[in-house]
Structures are given as C-alpha cells and as structure tokens.
file model.txt (compact mmCIF, N, CA and C atoms)
# COMPACT_ATOMS: atom_id res chain seq x y z
N MET Q 745 87.21 -153.08 -89.71
CA MET Q 745 86.98 -152.37 -88.46
C MET Q 745 86.03 -153.14 -87.54
N LEU Q 746 85.11 -153.89 -88.11
CA LEU Q 746 84.18 -154.66 -87.28
C LEU Q 746 84.89 -155.74 -86.48
N GLN Q 747 85.86 -156.37 -87.09
CA GLN Q 747 86.52 -157.52 -86.46
C GLN Q 747 87.02 -157.22 -85.06
N PRO Q 748 87.93 -156.26 -84.85
CA PRO Q 748 88.44 -156.08 -83.49
C PRO Q 748 87.45 -155.42 -82.54
N LEU Q 749 86.56 -154.60 -83.05
CA LEU Q 749 85.65 -153.86 -82.17
C LEU Q 749 84.42 -154.66 -81.78
N ILE Q 750 83.89 -155.46 -82.68
CA ILE Q 750 82.64 -156.16 -82.42
C ILE Q 750 82.86 -157.62 -82.06
N PHE Q 751 83.65 -158.31 -82.86
CA PHE Q 751 83.77 -159.75 -82.72
C PHE Q 751 84.68 -160.18 -81.58
N GLY Q 752 85.75 -159.47 -81.35
CA GLY Q 752 86.75 -159.94 -80.42
C GLY Q 752 87.48 -161.13 -81.02
N GLU Q 753 88.12 -161.92 -80.20
CA GLU Q 753 88.88 -163.06 -80.72
C GLU Q 753 88.00 -164.22 -81.15
N ARG Q 754 86.95 -164.51 -80.38
CA ARG Q 754 86.14 -165.70 -80.66
C ARG Q 754 84.66 -165.40 -80.82
N GLY Q 755 84.30 -164.15 -81.00
CA GLY Q 755 82.89 -163.78 -81.05
C GLY Q 755 82.31 -163.80 -82.45
N CYS Q 756 81.05 -163.42 -82.53
CA CYS Q 756 80.37 -163.28 -83.81
C CYS Q 756 79.36 -162.14 -83.67
N ALA Q 757 78.85 -161.70 -84.79
CA ALA Q 757 77.86 -160.62 -84.80
C ALA Q 757 76.78 -160.96 -85.81
N ALA Q 758 75.59 -160.45 -85.57
CA ALA Q 758 74.45 -160.65 -86.46
C ALA Q 758 73.75 -159.31 -86.65
N LEU Q 759 72.87 -159.25 -87.64
CA LEU Q 759 72.12 -158.03 -87.89
C LEU Q 759 70.63 -158.36 -87.94
N VAL Q 760 69.87 -157.73 -87.06
CA VAL Q 760 68.43 -157.92 -86.98
C VAL Q 760 67.76 -156.59 -87.32
N ALA Q 761 66.76 -156.63 -88.18
CA ALA Q 761 66.01 -155.42 -88.52
C ALA Q 761 64.61 -155.55 -87.95
N PHE Q 762 63.98 -154.43 -87.72
CA PHE Q 762 62.63 -154.46 -87.18
C PHE Q 762 61.84 -153.26 -87.68
N GLU Q 763 60.56 -153.47 -87.82
CA GLU Q 763 59.61 -152.43 -88.18
C GLU Q 763 58.27 -152.92 -87.61
N GLU Q 764 57.34 -153.33 -88.45
CA GLU Q 764 56.11 -153.95 -87.95
C GLU Q 764 56.37 -155.38 -87.52
N ARG Q 765 57.45 -155.93 -87.97
CA ARG Q 765 57.90 -157.27 -87.58
C ARG Q 765 59.41 -157.22 -87.53
N MET Q 766 60.02 -158.29 -87.05
CA MET Q 766 61.48 -158.34 -87.05
C MET Q 766 61.94 -159.45 -87.97
N TRP Q 767 63.13 -159.29 -88.53
CA TRP Q 767 63.69 -160.30 -89.40
C TRP Q 767 65.20 -160.22 -89.36
N TRP Q 768 65.81 -161.36 -89.63
CA TRP Q 768 67.27 -161.47 -89.63
C TRP Q 768 67.80 -161.04 -90.99
N LEU Q 769 68.69 -160.07 -91.00
CA LEU Q 769 69.36 -159.68 -92.23
C LEU Q 769 70.66 -160.46 -92.40
N GLN Q 770 71.26 -160.84 -91.28
CA GLN Q 770 72.48 -161.65 -91.33
C GLN Q 770 72.55 -162.47 -90.05
N GLU Q 771 72.65 -163.76 -90.22
CA GLU Q 771 72.84 -164.65 -89.07
C GLU Q 771 74.20 -164.38 -88.43
N CYS Q 772 74.40 -164.88 -87.25
CA CYS Q 772 75.65 -164.69 -86.52
C CYS Q 772 76.83 -165.24 -87.32
N THR Q 773 77.84 -164.42 -87.51
CA THR Q 773 79.01 -164.80 -88.28
C THR Q 773 80.25 -164.11 -87.72
N ASP Q 774 81.40 -164.71 -87.95
CA ASP Q 774 82.66 -164.05 -87.57
C ASP Q 774 83.34 -163.43 -88.78
N ASP Q 775 82.65 -163.42 -89.92
CA ASP Q 775 83.14 -162.83 -91.16
C ASP Q 775 82.47 -161.47 -91.33
N SER Q 776 83.25 -160.41 -91.39
CA SER Q 776 82.67 -159.07 -91.48
C SER Q 776 82.08 -158.75 -92.85
N ASP Q 777 82.49 -159.44 -93.91
CA ASP Q 777 81.98 -159.12 -95.26
C ASP Q 777 80.46 -159.24 -95.38
N PRO Q 778 79.84 -160.34 -94.94
CA PRO Q 778 78.38 -160.42 -95.03
C PRO Q 778 77.67 -159.35 -94.20
N LEU Q 779 78.25 -159.00 -93.06
CA LEU Q 779 77.65 -157.96 -92.24
C LEU Q 779 77.73 -156.59 -92.92
N VAL Q 780 78.86 -156.30 -93.53
CA VAL Q 780 79.01 -155.03 -94.24
C VAL Q 780 78.02 -154.96 -95.39
N ARG Q 781 77.85 -156.05 -96.13
CA ARG Q 781 76.87 -156.07 -97.23
C ARG Q 781 75.45 -155.86 -96.70
N ALA Q 782 75.12 -156.52 -95.60
CA ALA Q 782 73.78 -156.36 -95.02
C ALA Q 782 73.56 -154.93 -94.54
N LEU Q 783 74.57 -154.33 -93.93
CA LEU Q 783 74.44 -152.93 -93.49
C LEU Q 783 74.31 -151.99 -94.68
N ASP Q 784 75.04 -152.27 -95.75
CA ASP Q 784 74.95 -151.43 -96.95
C ASP Q 784 73.56 -151.48 -97.57
N ASN Q 785 72.89 -152.62 -97.45
CA ASN Q 785 71.56 -152.80 -98.04
C ASN Q 785 70.42 -152.37 -97.11
N LEU Q 786 70.74 -152.00 -95.89
CA LEU Q 786 69.73 -151.61 -94.92
C LEU Q 786 69.12 -150.27 -95.31
N ARG Q 787 67.80 -150.21 -95.33
CA ARG Q 787 67.07 -148.99 -95.69
C ARG Q 787 66.03 -148.70 -94.61
N PRO Q 788 65.77 -147.42 -94.36
CA PRO Q 788 64.74 -147.09 -93.37
C PRO Q 788 63.36 -147.47 -93.87
N GLY Q 789 62.53 -147.90 -92.97
CA GLY Q 789 61.16 -148.24 -93.33
C GLY Q 789 60.22 -147.15 -92.85
N GLU Q 790 58.95 -147.43 -92.97
CA GLU Q 790 57.94 -146.49 -92.49
C GLU Q 790 57.73 -146.70 -90.99
N TYR Q 791 57.55 -145.60 -90.29
CA TYR Q 791 57.28 -145.73 -88.86
C TYR Q 791 55.80 -146.05 -88.69
N LYS Q 792 55.54 -147.19 -88.14
CA LYS Q 792 54.17 -147.58 -87.81
C LYS Q 792 54.16 -148.13 -86.39
N SER Q 793 54.83 -149.23 -86.23
CA SER Q 793 54.87 -149.90 -84.94
C SER Q 793 56.17 -150.69 -84.86
N ALA Q 794 57.21 -150.04 -84.42
CA ALA Q 794 58.52 -150.69 -84.37
C ALA Q 794 58.54 -151.76 -83.28
N HIS Q 795 59.12 -152.87 -83.59
CA HIS Q 795 59.19 -153.99 -82.67
C HIS Q 795 60.61 -154.16 -82.15
N MET Q 796 61.16 -153.08 -81.61
CA MET Q 796 62.53 -153.11 -81.13
C MET Q 796 62.72 -154.16 -80.04
N LEU Q 797 61.84 -154.21 -79.08
CA LEU Q 797 61.99 -155.17 -77.99
C LEU Q 797 61.85 -156.61 -78.48
N ASP Q 798 60.99 -156.85 -79.45
CA ASP Q 798 60.88 -158.18 -80.04
C ASP Q 798 62.20 -158.57 -80.71
N ALA Q 799 62.82 -157.63 -81.41
CA ALA Q 799 64.09 -157.90 -82.08
C ALA Q 799 65.18 -158.18 -81.07
N VAL Q 800 65.23 -157.41 -80.00
CA VAL Q 800 66.22 -157.64 -78.94
C VAL Q 800 65.99 -159.00 -78.30
N HIS Q 801 64.75 -159.33 -77.99
CA HIS Q 801 64.42 -160.62 -77.38
C HIS Q 801 64.84 -161.77 -78.28
N GLU Q 802 64.51 -161.68 -79.56
CA GLU Q 802 64.88 -162.73 -80.51
C GLU Q 802 66.39 -162.88 -80.62
N ALA Q 803 67.09 -161.76 -80.69
CA ALA Q 803 68.55 -161.80 -80.81
C ALA Q 803 69.19 -162.43 -79.58
N LEU Q 804 68.69 -162.11 -78.41
CA LEU Q 804 69.27 -162.64 -77.18
C LEU Q 804 68.97 -164.12 -76.99
N ASN Q 805 67.86 -164.59 -77.52
CA ASN Q 805 67.47 -165.98 -77.34
C ASN Q 805 67.93 -166.88 -78.48
N THR Q 806 68.69 -166.34 -79.41
CA THR Q 806 69.25 -167.12 -80.51
C THR Q 806 70.75 -167.18 -80.30
N GLY Q 807 71.29 -168.31 -80.45
CA GLY Q 807 72.73 -168.36 -80.33
C GLY Q 807 73.14 -169.36 -79.39

call {"tool": "encode", "arguments": {"input": "model.txt", "output": "structure tokens"}}
result
Amino acid sequence: MLQPLIFGERGCAALVAFEERMWWLQECTDDSDPLVRALDNLRPGEYKSAHMLDAVHEALNTG
C-alpha cells in the first residue's frame, strides 16, 4: 500500500522519529519492506520536549 500512495513512480520515503532529539529510523528508500518494519517497531516515548520542527528540518535538508 505504501508504494503507490507514498513513493509514486520514482520517489522514496524515509522515517524520522523525534522526542528530546531526532533520529532516522529508516533512510530514504523505494522499498516498502524496511519502512513497514521500522513502523512496526515504532513505540511512543515520554513527552518532555518534542523536536518536531528539528525532525522536519532535517528531513527536508537530507536527500
């Protein structure tokens, strides 16, 4: 399901997590299997100081 909706014909997708810091769970890929595994392993963290904008900035400036 990720392939036609997210990737398109020539695109890729990545997964970035954030909490007190941000980190890459999956680098940009056109293979949905690693993304599905990364999403399956994603767990909520403690709310302290979410760095959502840092994660968005990092994701936009990578690639």

call {"tool": "atom_distance", "arguments": {"input": "model.txt", "atom1": "atom C of Asn805 (chain Q)", "atom2": "atom C of Arg781 (chain Q)"}}
result
22.6 Å

call {"tool": "closest_residue", "arguments": {"input": "model.txt", "among": "Q:Ala761, Q:Ala799, Q:Cys756, Q:Leu786", "to": "Thr773 (chain Q)", "atoms": "only N, CA and C atoms"}}
result
Q:Cys756

call {"tool": "atom_distance", "arguments": {"input": "model.txt", "atom1": "CA of Asp798 (chain Q)", "atom2": "CA of Asp774 (chain Q)"}}
result
23.8 Å

call {"tool": "residues_around", "arguments": {"input": "model.txt", "residues": "Ala803 (chain Q)", "least_positions_apart": "6", "cutoff": "12 Å", "atoms": "only C-alpha atoms", "output": "CSV table (one decimal) with N, CA and C atoms, in the coordinates of the input"}}
result
chain,number,residue,atom,x,y,z
Q,757,ALA,N,78.8,-161.7,-84.8
Q,757,ALA,CA,77.9,-160.6,-84.8
Q,757,ALA,C,76.8,-161.0,-85.8
Q,758,ALA,N,75.6,-160.4,-85.6
Q,758,ALA,CA,74.4,-160.6,-86.5
Q,758,ALA,C,73.8,-159.3,-86.6
Q,759,LEU,N,72.9,-159.2,-87.6
Q,759,LEU,CA,72.1,-158.0,-87.9
Q,759,LEU,C,70.6,-158.4,-87.9
Q,760,VAL,N,69.9,-157.7,-87.1
Q,760,VAL,CA,68.4,-157.9,-87.0
Q,760,VAL,C,67.8,-156.6,-87.3
Q,761,ALA,N,66.8,-156.6,-88.2
Q,761,ALA,CA,66.0,-155.4,-88.5
Q,761,ALA,C,64.6,-155.6,-88.0
Q,762,PHE,N,64.0,-154.4,-87.7
Q,762,PHE,CA,62.6,-154.5,-87.2
Q,762,PHE,C,61.8,-153.3,-87.7
Q,766,MET,N,60.0,-158.3,-87.0
Q,766,MET,CA,61.5,-158.3,-87.0
Q,766,MET,C,61.9,-159.4,-88.0
Q,767,TRP,N,63.1,-159.3,-88.5
Q,767,TRP,CA,63.7,-160.3,-89.4
Q,767,TRP,C,65.2,-160.2,-89.4
Q,768,TRP,N,65.8,-161.4,-89.6
Q,768,TRP,CA,67.3,-161.5,-89.6
Q,768,TRP,C,67.8,-161.0,-91.0
Q,769,LEU,N,68.7,-160.1,-91.0
Q,769,LEU,CA,69.4,-159.7,-92.2
Q,769,LEU,C,70.7,-160.5,-92.4
Q,770,GLN,N,71.3,-160.8,-91.3
Q,770,GLN,CA,72.5,-161.6,-91.3
Q,770,GLN,C,72.6,-162.5,-90.0
Q,771,GLU,N,72.6,-163.8,-90.2
Q,771,GLU,CA,72.8,-164.6,-89.1
Q,771,GLU,C,74.2,-164.4,-88.4
Q,772,CYS,N,74.4,-164.9,-87.2
Q,772,CYS,CA,75.6,-164.7,-86.5
Q,772,CYS,C,76.8,-165.2,-87.3
Q,796,MET,N,61.2,-153.1,-81.6
Q,796,MET,CA,62.5,-153.1,-81.1
Q,796,MET,C,62.7,-154.2,-80.0
Q,797,LEU,N,61.8,-154.2,-79.1
Q,797,LEU,CA,62.0,-155.2,-78.0
Q,797,LEU,C,61.8,-156.6,-78.5

call {"tool": "atom_distance", "arguments": {"input": "model.txt", "atom1": "atom N of Asn785 (chain Q)", "atom2": "CA of Glu753 (chain Q)"}}
result
25.4 Å
